[in-house]
$ cat final_31.cif   # mmCIF, C-alpha atoms and all ligand atoms
data_my_file
#
loop_
_atom_site.group_PDB
_atom_site.id
_atom_site.type_symbol
_atom_site.label_atom_id
_atom_site.label_comp_id
_atom_site.auth_asym_id
_atom_site.auth_seq_id
_atom_site.Cartn_x
_atom_site.Cartn_y
_atom_site.Cartn_z
ATOM 1 C CA MET A 745 -23.487 66.969 -28.717
ATOM 2 C CA PRO A 746 -22.957 63.186 -28.602
ATOM 3 C CA ASP A 747 -25.928 60.998 -29.470
ATOM 4 C CA THR A 748 -26.839 59.274 -26.219
ATOM 5 C CA THR A 749 -30.105 57.814 -27.505
ATOM 6 C CA SER A 750 -30.499 54.228 -26.285
ATOM 7 C CA ALA A 751 -30.047 51.494 -28.883
ATOM 8 C CA PRO A 752 -33.702 50.295 -28.758
ATOM 9 C CA LEU A 753 -35.013 53.851 -29.173
ATOM 10 C CA HIS A 754 -32.510 54.466 -31.953
ATOM 11 C CA HIS A 755 -33.743 51.305 -33.673
ATOM 12 C CA LEU A 756 -37.349 52.451 -33.335
ATOM 13 C CA HIS A 757 -36.483 55.868 -34.793
ATOM 14 C CA ALA A 758 -34.686 54.204 -37.712
ATOM 15 C CA GLY A 759 -37.736 52.073 -38.527
ATOM 16 C CA ILE A 760 -39.990 55.130 -38.416
ATOM 17 C CA ASP A 761 -37.576 57.112 -40.606
ATOM 18 C CA THR A 762 -37.652 54.316 -43.185
ATOM 19 C CA ARG A 763 -41.476 54.244 -43.319
ATOM 20 C CA VAL A 764 -41.685 58.047 -43.463
ATOM 21 C CA ALA A 765 -39.098 58.188 -46.265
ATOM 22 C CA ALA A 766 -40.994 55.555 -48.270
ATOM 23 C CA ILE A 767 -44.266 57.488 -47.978
ATOM 24 C CA ARG A 768 -42.578 60.748 -48.898
ATOM 25 C CA GLU A 769 -40.907 59.108 -51.886
ATOM 26 C CA SER A 770 -44.182 57.729 -53.189
ATOM 27 C CA HIS A 771 -45.912 61.078 -52.532
ATOM 28 C CA PRO A 772 -43.439 63.943 -53.038
ATOM 29 C CA ASP A 773 -46.209 66.450 -52.250
ATOM 30 C CA TRP A 774 -46.749 65.005 -48.751
ATOM 31 C CA GLN A 775 -47.999 67.905 -46.650
ATOM 32 C CA CYS A 776 -46.157 67.267 -43.358
ATOM 33 C CA ALA A 777 -43.441 69.909 -43.325
ATOM 34 C CA ARG A 778 -41.948 72.645 -41.207
ATOM 35 C CA GLY A 779 -44.619 75.277 -40.588
ATOM 36 C CA CYS A 780 -47.492 72.788 -40.875
ATOM 37 C CA ALA A 781 -48.062 72.320 -37.183
ATOM 38 C CA SER A 782 -51.822 72.015 -36.773
ATOM 39 C CA CYS A 783 -51.229 68.641 -35.164
ATOM 40 C CA CYS A 784 -49.002 70.238 -32.494
ATOM 41 C CA ARG A 785 -51.890 72.610 -31.682
ATOM 42 C CA GLN A 786 -54.516 69.908 -31.351
ATOM 43 C CA LEU A 787 -53.090 67.211 -29.131
ATOM 44 C CA ALA A 788 -55.641 64.758 -27.792
ATOM 45 C CA ASP A 789 -53.808 64.637 -24.491
ATOM 46 C CA ILE A 790 -50.661 65.723 -22.681
ATOM 47 C CA PRO A 791 -47.776 64.018 -24.519
ATOM 48 C CA ARG A 792 -46.582 60.833 -22.821
ATOM 49 C CA LEU A 793 -42.975 59.722 -23.095
ATOM 50 C CA THR A 794 -40.734 56.896 -22.001
ATOM 51 C CA ALA A 795 -37.642 57.718 -19.970
ATOM 52 C CA GLY A 796 -35.462 57.365 -23.082
ATOM 53 C CA GLU A 797 -37.626 59.767 -25.068
ATOM 54 C CA TRP A 798 -37.572 62.247 -22.198
ATOM 55 C CA ALA A 799 -33.759 62.030 -21.927
ATOM 56 C CA LEU A 800 -33.470 62.872 -25.620
ATOM 57 C CA LEU A 801 -36.080 65.636 -25.502
ATOM 58 C CA LYS A 802 -34.385 67.105 -22.454
ATOM 59 C CA GLN A 803 -31.104 67.288 -24.366
ATOM 60 C CA GLY A 804 -32.851 69.335 -27.055
ATOM 61 C CA LEU A 805 -34.603 71.594 -24.546
ATOM 62 C CA ALA A 806 -31.308 72.244 -22.771
ATOM 63 C CA THR A 807 -29.899 73.813 -25.957
ATOM 64 C CA LEU A 808 -32.652 76.458 -26.145
ATOM 65 C CA PRO A 809 -32.053 80.015 -24.933
ATOM 66 C CA ALA A 810 -32.837 80.385 -21.213
ATOM 67 C CA GLN A 811 -35.746 82.755 -21.871
ATOM 68 C CA ARG A 812 -37.337 80.330 -24.322
ATOM 69 C CA LEU A 813 -36.879 77.412 -21.953
ATOM 70 C CA ALA A 814 -38.447 79.418 -19.128
ATOM 71 C CA GLU A 815 -41.485 80.170 -21.322
ATOM 72 C CA ILE A 816 -41.849 76.474 -22.112
ATOM 73 C CA GLY A 817 -41.536 75.674 -18.414
ATOM 74 C CA ASP A 818 -44.330 78.151 -17.626
ATOM 75 C CA ARG A 819 -46.580 76.655 -20.279
ATOM 76 C CA ILE A 820 -45.910 73.145 -19.020
ATOM 77 C CA ALA A 821 -46.718 74.215 -15.457
ATOM 78 C CA ARG A 822 -50.017 75.739 -16.653
ATOM 79 C CA LEU A 823 -50.804 72.583 -18.575
ATOM 80 C CA ALA A 824 -50.195 70.495 -15.468
ATOM 81 C CA THR A 825 -52.572 72.531 -13.338
ATOM 82 C CA ALA A 826 -55.249 73.635 -15.809
ATOM 83 C CA PRO A 827 -55.234 71.676 -19.062
ATOM 84 C CA SER A 828 -57.671 73.017 -21.656
ATOM 85 C CA ARG A 829 -58.554 71.120 -24.802
ATOM 86 C CA PRO A 830 -57.513 70.796 -27.509
ATOM 87 C CA ILE A 831 -54.061 70.857 -25.999
ATOM 88 C CA VAL A 832 -51.444 72.998 -27.703
ATOM 89 C CA CYS A 833 -48.011 71.469 -27.259
ATOM 90 C CA PRO A 834 -46.212 73.693 -24.747
ATOM 91 C CA ILE A 835 -42.968 73.235 -26.659
ATOM 92 C CA LEU A 836 -44.253 74.539 -30.006
ATOM 93 C CA ASP A 837 -42.660 77.781 -31.185
ATOM 94 C CA GLU A 838 -45.798 79.688 -32.205
ATOM 95 C CA THR A 839 -43.817 82.436 -33.956
ATOM 96 C CA GLU A 840 -42.101 80.000 -36.276
ATOM 97 C CA GLY A 841 -44.986 77.531 -36.329
ATOM 98 C CA ALA A 842 -42.393 74.816 -35.805
ATOM 99 C CA CYS A 843 -40.962 72.458 -33.245
ATOM 100 C CA PRO A 844 -37.774 73.864 -31.680
ATOM 101 C CA VAL A 845 -36.590 70.366 -30.729
ATOM 102 C CA TYR A 846 -37.497 68.598 -33.939
ATOM 103 C CA VAL A 847 -34.449 66.318 -33.904
ATOM 104 C CA GLN A 848 -35.189 65.233 -30.339
ATOM 105 C CA ARG A 849 -38.995 65.054 -30.630
ATOM 106 C CA PRO A 850 -40.873 62.102 -29.092
ATOM 107 C CA VAL A 851 -41.915 59.026 -31.036
ATOM 108 C CA ALA A 852 -45.576 60.111 -31.214
ATOM 109 C CA CYS A 853 -44.504 63.261 -33.079
ATOM 110 C CA ARG A 854 -42.371 61.222 -35.495
ATOM 111 C CA THR A 855 -45.194 58.869 -36.439
ATOM 112 C CA TYR A 856 -48.111 61.302 -36.578
ATOM 113 C CA GLY A 857 -49.298 61.737 -40.146
ATOM 114 C CA PHE A 858 -47.571 58.562 -41.320
ATOM 115 C CA TYR A 859 -48.839 55.804 -39.022
ATOM 116 C CA VAL A 860 -52.398 54.680 -38.369
ATOM 117 C CA GLN A 861 -53.997 52.714 -35.598
ATOM 118 C CA ARG A 862 -56.276 49.810 -36.439
ATOM 119 C CA GLU A 863 -59.898 51.011 -36.481
ATOM 120 C CA LEU A 864 -58.989 54.407 -35.016
ATOM 121 C CA GLY A 865 -57.210 56.104 -37.883
ATOM 122 C CA LEU A 866 -55.010 58.776 -36.283
ATOM 123 C CA TYR A 867 -54.876 61.104 -39.229
ATOM 124 C CA CYS A 868 -54.786 64.841 -38.852
ATOM 125 C CA GLY A 869 -57.772 66.658 -40.389
ATOM 126 C CA ASP A 870 -55.808 67.632 -43.508
ATOM 127 C CA ILE A 871 -54.745 64.078 -44.243
ATOM 128 C CA GLU A 872 -58.164 62.738 -43.310
ATOM 129 C CA GLN A 873 -59.696 64.846 -46.086
ATOM 130 C CA ARG A 874 -57.332 63.375 -48.652
ATOM 131 C CA VAL A 875 -57.976 59.859 -47.342
ATOM 132 C CA ALA A 876 -61.744 60.427 -47.565
ATOM 133 C CA GLY A 877 -61.312 61.691 -51.125
ATOM 134 C CA GLY A 878 -59.532 58.480 -52.068
ATOM 135 C CA GLU A 879 -56.356 60.360 -52.961
ATOM 136 C CA LEU A 880 -54.129 58.324 -50.646
ATOM 137 C CA ALA A 881 -55.492 54.858 -51.328
ATOM 138 C CA ASP A 882 -52.056 53.565 -52.334
ATOM 139 C CA VAL A 883 -50.234 54.723 -49.198
ATOM 140 C CA VAL A 884 -48.612 51.967 -47.161
ATOM 141 C CA TRP A 885 -49.236 53.448 -43.720
ATOM 142 C CA GLY A 886 -47.099 52.554 -40.760
ATOM 143 C CA ASN A 887 -48.758 50.375 -38.131
ATOM 144 C CA HIS A 888 -49.213 52.382 -34.964
ATOM 145 C CA ASP A 889 -50.163 49.355 -32.899
ATOM 146 C CA SER A 890 -46.645 48.003 -33.440
ATOM 147 C CA ILE A 891 -45.203 51.345 -32.330
ATOM 148 C CA ASP A 892 -47.268 51.240 -29.142
ATOM 149 C CA HIS A 893 -46.027 47.721 -28.531
ATOM 150 C CA ALA A 894 -42.385 48.742 -29.064
ATOM 151 C CA LEU A 895 -42.788 51.764 -26.771
ATOM 152 C CA ARG A 896 -44.286 49.670 -23.990
ATOM 153 C CA ALA A 897 -41.208 47.452 -24.224
ATOM 154 C CA LEU A 898 -39.053 50.546 -23.620
ATOM 155 C CA GLY A 899 -40.645 51.245 -20.249
ATOM 156 C CA GLU A 900 -43.333 53.263 -18.545
ATOM 157 C CA LEU A 901 -44.862 56.197 -20.419
ATOM 158 C CA ARG A 902 -45.300 59.284 -18.261
ATOM 159 C CA PRO A 903 -46.792 62.704 -19.080
ATOM 160 C CA LEU A 904 -44.433 65.457 -20.223
ATOM 161 C CA THR A 905 -45.670 67.565 -17.315
ATOM 162 C CA GLU A 906 -44.422 64.981 -14.818
ATOM 163 C CA TRP A 907 -41.035 64.562 -16.469
ATOM 164 C CA PHE A 908 -40.519 68.321 -16.567
ATOM 165 C CA ALA A 909 -41.595 68.833 -12.961
ATOM 166 C CA GLN A 910 -39.215 66.166 -11.680
ATOM 167 C CA ASP A 911 -36.278 66.469 -14.053
ATOM 168 C CA ALA A 912 -36.351 69.891 -15.728
ATOM 169 C CA PRO A 913 -33.468 70.762 -18.079
ATOM 170 C CA GLY A 914 -30.857 72.948 -16.464
ATOM 171 C CA ARG A 915 -31.298 71.608 -12.939
HETATM 172 S S1 LIG B 1 -49.832 65.502 -39.455
HETATM 173 FE FE1 LIG B 1 -51.157 66.962 -40.526
HETATM 174 S S2 LIG B 1 -51.013 68.908 -39.379
HETATM 175 FE FE2 LIG B 1 -49.291 67.573 -38.759
HETATM 176 S S3 LIG B 1 -47.565 68.193 -40.089
HETATM 177 FE FE3 LIG B 1 -48.631 66.445 -41.088
HETATM 178 S S4 LIG B 1 -50.126 67.403 -42.480
HETATM 179 FE FE4 LIG B 1 -49.470 68.978 -41.003
HETATM 180 S S1 LIG B 2 -42.706 68.126 -29.297
HETATM 181 FE FE1 LIG B 2 -42.481 69.286 -31.155
HETATM 182 S S2 LIG B 2 -43.334 67.993 -32.824
HETATM 183 FE FE2 LIG B 2 -44.067 67.187 -30.863
HETATM 184 S S3 LIG B 2 -46.086 68.142 -30.537
HETATM 185 FE FE3 LIG B 2 -44.540 69.408 -29.489
HETATM 186 S S4 LIG B 2 -43.953 70.991 -30.964
HETATM 187 FE FE4 LIG B 2 -45.007 69.341 -32.097
#
$ encode --input "final_31.cif" --output "structure tokens"
Amino acid sequence: MPDTTSAPLHHLHAGIDTRVAAIRESHPDWQCARGCASCCRQLADIPRLTAGEWALLKQGLATLPAQRLAEIGDRIARLATAPSRPIVCPILDETEGACPVYVQRPVACRTYGFYVQRELGLYCGDIEQRVAGGELADVVWGNHDSIDHALRALGELRPLTEWFAQDAPGR
């Protein structure tokens, strides 16, 4: 499938990839990996995406088997009408404990675990424990405020539930 990601989003992804690679290189035992998906099960809110992120995510969703996509659609519809917290990402493959659209995942999923927000942190519980223990004092975290700024420049952020309701894959 051709890469139709917009140039600004591509640029943002490349910057994130560089920061993530640097952290992984300095800490080869970094715990974010396939199968470690606690963060996908404890979202603070319904994921919000720009139009470019949705276009990319939609491409990934469109490659999933019809049955799987229908299940995701059902979960998203339930999330839209009756969200319960913490929010489990409706896209997560619970059997595999992994994201089925990892390559096309939104920016927030790319930065989580590697970027922090001034005064707010933004670590998952596992990383928080290591931070509190002083183990990660040398990590050069990404700056999440700059990511938020870059995303705002890419356009309006809308909830996944809205994107899916108006522009579902396969329509
Ligand atoms: S952010 Fe935390 S829960 Fe998510 S993959 Fe990384 S270590 Fe696992
Ligand atoms: S889109 Fe994928 S990586 Fe992001 S929260 Fe959902 S399952 Fe996790």
$ atom_distance --input "final_31.cif" --atom1 "CA of Val875 in chain A" --atom2 "CA of Cys784 in chain A"
20.2 Å
$ resolve_selection --input "final_31.cif" --expression "the PyMOL selection byres (((not hetatm)) within 10 of (chain B and resi 1))" --output "PyMOL selection string"
chain A and resi 774-786+842+853-859+866-872
$ atom_distance --input "final_31.cif" --atom1 "CA of Leu823 in chain A" --atom2 "CA of Gly796 in chain A"
22.1 Å
$ closest_residue --input "final_31.cif" --among "A:Leu787, A:Glu879, A:Ala824, A:Arg902" --to "Leu836 in chain A" --atoms "only C-alpha atoms"
A:Leu787
$ resolve_selection --input "final_31.cif" --expression "the PyMOL selection byres (((chain A and resi 760) around 9) and not hetatm)" --output "PyMOL selection string"
chain A and resi 755-759+761-765+851+854-855+858-859+886+891
$ residues_around --input "final_31.cif" --residues "Asp818 in chain A" --least-positions-apart "6" --cutoff "12 Å" --atoms "all atoms listed in the file" --output "NGL selection string"
:A and (811-812 or 824-826 or 834-835 or 905 or 908-909 or 912)
$ closest_residue --input "final_31.cif" --among "A:Val860, A:Ala894, A:Leu753, A:Leu904" --to "Lys802 in chain A" --atoms "all atoms listed in the file"
A:Leu904
$ atom_distance --input "final_31.cif" --atom1 "CA of Ala751 in chain A" --atom2 "CA of Leu800 in chain A"
12.3 Å
$ axis_aligned_box --input "final_31.cif" --around "ligand LIG 2 (chain B)" --padding-each-side "5 Å" --output "AutoDock Vina command-line options"
--center_x -44.3 --center_y 69.1 --center_z -31.1 --size_x 13.6 --size_y 13.8 --size_z 13.5
$ closest_residue --input "final_31.cif" --among "A:Ala806, A:Val883, A:Ala876, A:Ile816" --to "ligand LIG 2 (chain B)" --atoms "all atoms listed in the file"
A:Ile816
$ closest_residue --input "final_31.cif" --among "A:Ser828, A:Thr807, A:Ser770, A:Gln848" --to "ligand LIG 2 (chain B)" --atoms "all atoms listed in the file"
A:Gln848
$ resolve_selection --input "final_31.cif" --expression "the PyMOL selection byres (((chain A and resi 903) around 7) and not hetatm)" --output "PyMOL selection string"
chain A and resi 790-793+901-902+904-907
$ build_atoms --input "final_31.cif" --residues "range 797-815 of chain A" --atoms "N, CA and C atoms" --output "PDB file, in the frame of the given file"
ATOM      1  N   GLU A 797     -37.156  58.631 -24.262  1.00  0.00           N
ATOM      2  CA  GLU A 797     -37.626  59.767 -25.068  1.00  0.00           C
ATOM      3  C   GLU A 797     -37.447  61.075 -24.304  1.00  0.00           C
ATOM      4  N   TRP A 798     -37.737  61.034 -23.004  1.00  0.00           N
ATOM      5  CA  TRP A 798     -37.572  62.247 -22.198  1.00  0.00           C
ATOM      6  C   TRP A 798     -36.095  62.663 -22.150  1.00  0.00           C
ATOM      7  N   ALA A 799     -35.198  61.704 -21.987  1.00  0.00           N
ATOM      8  CA  ALA A 799     -33.759  62.030 -21.927  1.00  0.00           C
ATOM      9  C   ALA A 799     -33.331  62.739 -23.207  1.00  0.00           C
ATOM     10  N   LEU A 800     -33.834  62.260 -24.341  1.00  0.00           N
ATOM     11  CA  LEU A 800     -33.470  62.872 -25.620  1.00  0.00           C
ATOM     12  C   LEU A 800     -34.101  64.259 -25.757  1.00  0.00           C
ATOM     13  N   LEU A 801     -35.383  64.348 -25.408  1.00  0.00           N
ATOM     14  CA  LEU A 801     -36.080  65.636 -25.502  1.00  0.00           C
ATOM     15  C   LEU A 801     -35.417  66.662 -24.581  1.00  0.00           C
ATOM     16  N   LYS A 802     -35.024  66.207 -23.429  1.00  0.00           N
ATOM     17  CA  LYS A 802     -34.385  67.105 -22.454  1.00  0.00           C
ATOM     18  C   LYS A 802     -33.065  67.658 -23.019  1.00  0.00           C
ATOM     19  N   GLN A 803     -32.346  66.808 -23.727  1.00  0.00           N
ATOM     20  CA  GLN A 803     -31.104  67.288 -24.366  1.00  0.00           C
ATOM     21  C   GLN A 803     -31.412  68.443 -25.319  1.00  0.00           C
ATOM     22  N   GLY A 804     -32.480  68.285 -26.107  1.00  0.00           N
ATOM     23  CA  GLY A 804     -32.851  69.335 -27.055  1.00  0.00           C
ATOM     24  C   GLY A 804     -33.299  70.593 -26.331  1.00  0.00           C
ATOM     25  N   LEU A 805     -34.112  70.433 -25.301  1.00  0.00           N
ATOM     26  CA  LEU A 805     -34.603  71.594 -24.546  1.00  0.00           C
ATOM     27  C   LEU A 805     -33.452  72.354 -23.909  1.00  0.00           C
ATOM     28  N   ALA A 806     -32.444  71.617 -23.460  1.00  0.00           N
ATOM     29  CA  ALA A 806     -31.308  72.244 -22.771  1.00  0.00           C
ATOM     30  C   ALA A 806     -30.487  73.143 -23.699  1.00  0.00           C
ATOM     31  N   THR A 807     -30.660  72.971 -25.019  1.00  0.00           N
ATOM     32  CA  THR A 807     -29.899  73.813 -25.957  1.00  0.00           C
ATOM     33  C   THR A 807     -30.635  75.117 -26.281  1.00  0.00           C
ATOM     34  N   LEU A 808     -31.879  75.256 -25.827  1.00  0.00           N
ATOM     35  CA  LEU A 808     -32.652  76.458 -26.145  1.00  0.00           C
ATOM     36  C   LEU A 808     -32.205  77.631 -25.275  1.00  0.00           C
ATOM     37  N   PRO A 809     -32.382  78.855 -25.763  1.00  0.00           N
ATOM     38  CA  PRO A 809     -32.053  80.015 -24.933  1.00  0.00           C
ATOM     39  C   PRO A 809     -32.841  79.961 -23.617  1.00  0.00           C
ATOM     40  N   ALA A 810     -32.231  80.484 -22.546  1.00  0.00           N
ATOM     41  CA  ALA A 810     -32.837  80.385 -21.213  1.00  0.00           C
ATOM     42  C   ALA A 810     -34.249  80.967 -21.178  1.00  0.00           C
ATOM     43  N   GLN A 811     -34.424  82.103 -21.865  1.00  0.00           N
ATOM     44  CA  GLN A 811     -35.746  82.755 -21.871  1.00  0.00           C
ATOM     45  C   GLN A 811     -36.805  81.847 -22.494  1.00  0.00           C
ATOM     46  N   ARG A 812     -36.410  81.232 -23.605  1.00  0.00           N
ATOM     47  CA  ARG A 812     -37.337  80.330 -24.322  1.00  0.00           C
ATOM     48  C   ARG A 812     -37.678  79.112 -23.453  1.00  0.00           C
ATOM     49  N   LEU A 813     -36.656  78.586 -22.805  1.00  0.00           N
ATOM     50  CA  LEU A 813     -36.879  77.412 -21.953  1.00  0.00           C
ATOM     51  C   LEU A 813     -37.787  77.775 -20.772  1.00  0.00           C
ATOM     52  N   ALA A 814     -37.596  78.983 -20.246  1.00  0.00           N
ATOM     53  CA  ALA A 814     -38.447  79.418 -19.128  1.00  0.00           C
ATOM     54  C   ALA A 814     -39.901  79.530 -19.576  1.00  0.00           C
ATOM     55  N   GLU A 815     -40.105  80.058 -20.800  1.00  0.00           N
ATOM     56  CA  GLU A 815     -41.485  80.170 -21.322  1.00  0.00           C
ATOM     57  C   GLU A 815     -42.114  78.781 -21.449  1.00  0.00           C
TER      58      GLU A 815
END
